[in-house]
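**Q** After the structure tokens below, expect a handful of questions from me.
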Amino acid sequence: MDKKELVKEALAAREFAYTPYSHFSVGAALLCKSGKIFRGCNIESASYTPTNCAERTAFFKAVSEGEREFSAIAVVGGPSEAPPVDFCFPCGVCRQVIAEFCSRDFKIYIAKNTEEIKEYSLDDILPYAFTEKDLYK
């Protein structure tokens, strides 16, 4: 699957975001090495702490279905009720979840639309990830 198709999936996922408080909707599409795609959107709670980001939603759905190997993720986001106007990067918690399951060269596509896409690796956006290797020093 090419990155434009993955971004389309993320844009479609964004349509399901539940954001009555922030009014900032995010969509993610996670490509598994098996070829499956898992979509995720952000889901808010009035108490904020239980809120879940789109990226983590996609990863948790995939992992709960038995997937453990991933190729890429596309992320789009911006004010609800309008197309994305800027690039929306994963938060720190999402970056850490990505590091739990993905190699340093895992592809992360940050997009406004299918024509404006930035490509990064996990190492680019989280160069000093805390991993299991840090637990055994």
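Labels used: A, B, ... for chains in the order of the structure tokens, numbers from 1 for residues in each chain, and numbers from 1 for ligands as shown.
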Residues of range 104-131 of chain A that approach range 47-57 of chain A to 12 Å or less, counting only C-alpha atoms: could you list each one with the shortest pair of atoms and its distance in Å to one decimal, rows by chain and increasing residue number, as a tab-separated table?
**A**
residue	atom	partner	partner_atom	distance
A:Ile108	CA	A:Glu55	CA	10.7
A:Tyr109	CA	A:Glu55	CA	11.7
A:Ile110	CA	A:Glu55	CA	11.6
**Q** Fewer than 4 positions away in the same chain doesn't count, so skip those; otherwise give me all residues within 12 Å of range 3-18 of chain A, counting only C-alpha atoms, as a PyMOL selection string.
**A** chain A and resi 22-32+35-46+51-55+57-58+71-84+88+107-120
**Q** Find the residue from A:Asp124, A:Thr131, A:Ala62, A:Val85 that sits nearest to Glu100 in chain A; use only C-alpha atoms when measuring.
**A**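 Smallest separation from Glu100 in chain A among the options: A:Thr131.
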**Q** Residues of range 38-126 of chain A classed as helix (DSSP H, G or I) by DSSP on the backbone are to be reported as a PyMOL selection string.
**A** chain A and resi 54-64+92-101+122-125
**Q** CA of Cys102 in chain A to CA of Ile125 in chain A: how many Å, to one decimal?
**A**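 Those two atoms sit 12.8 Å apart.
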**Q** I'd like the interatomic distance between CA of Val63 in chain A and CA of Pro20 in chain A, to a tenth of an Å.
**A**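 Answer for the CA of Val63 in chain A to CA of Pro20 in chain A separation: 27.3 Å.
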**Q** Mind pulling up the distance from CA of Phe89 in chain A to CA of Ala129 in chain A?
**A**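 It comes out at 16.0 Å.
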**Q** Write out as a ChimeraX atom specification all residues of range 10-111 of chain A that backbone DSSP assigns to strand (DSSP E).
**A** /A:24-32,37-41,70-79,107-111
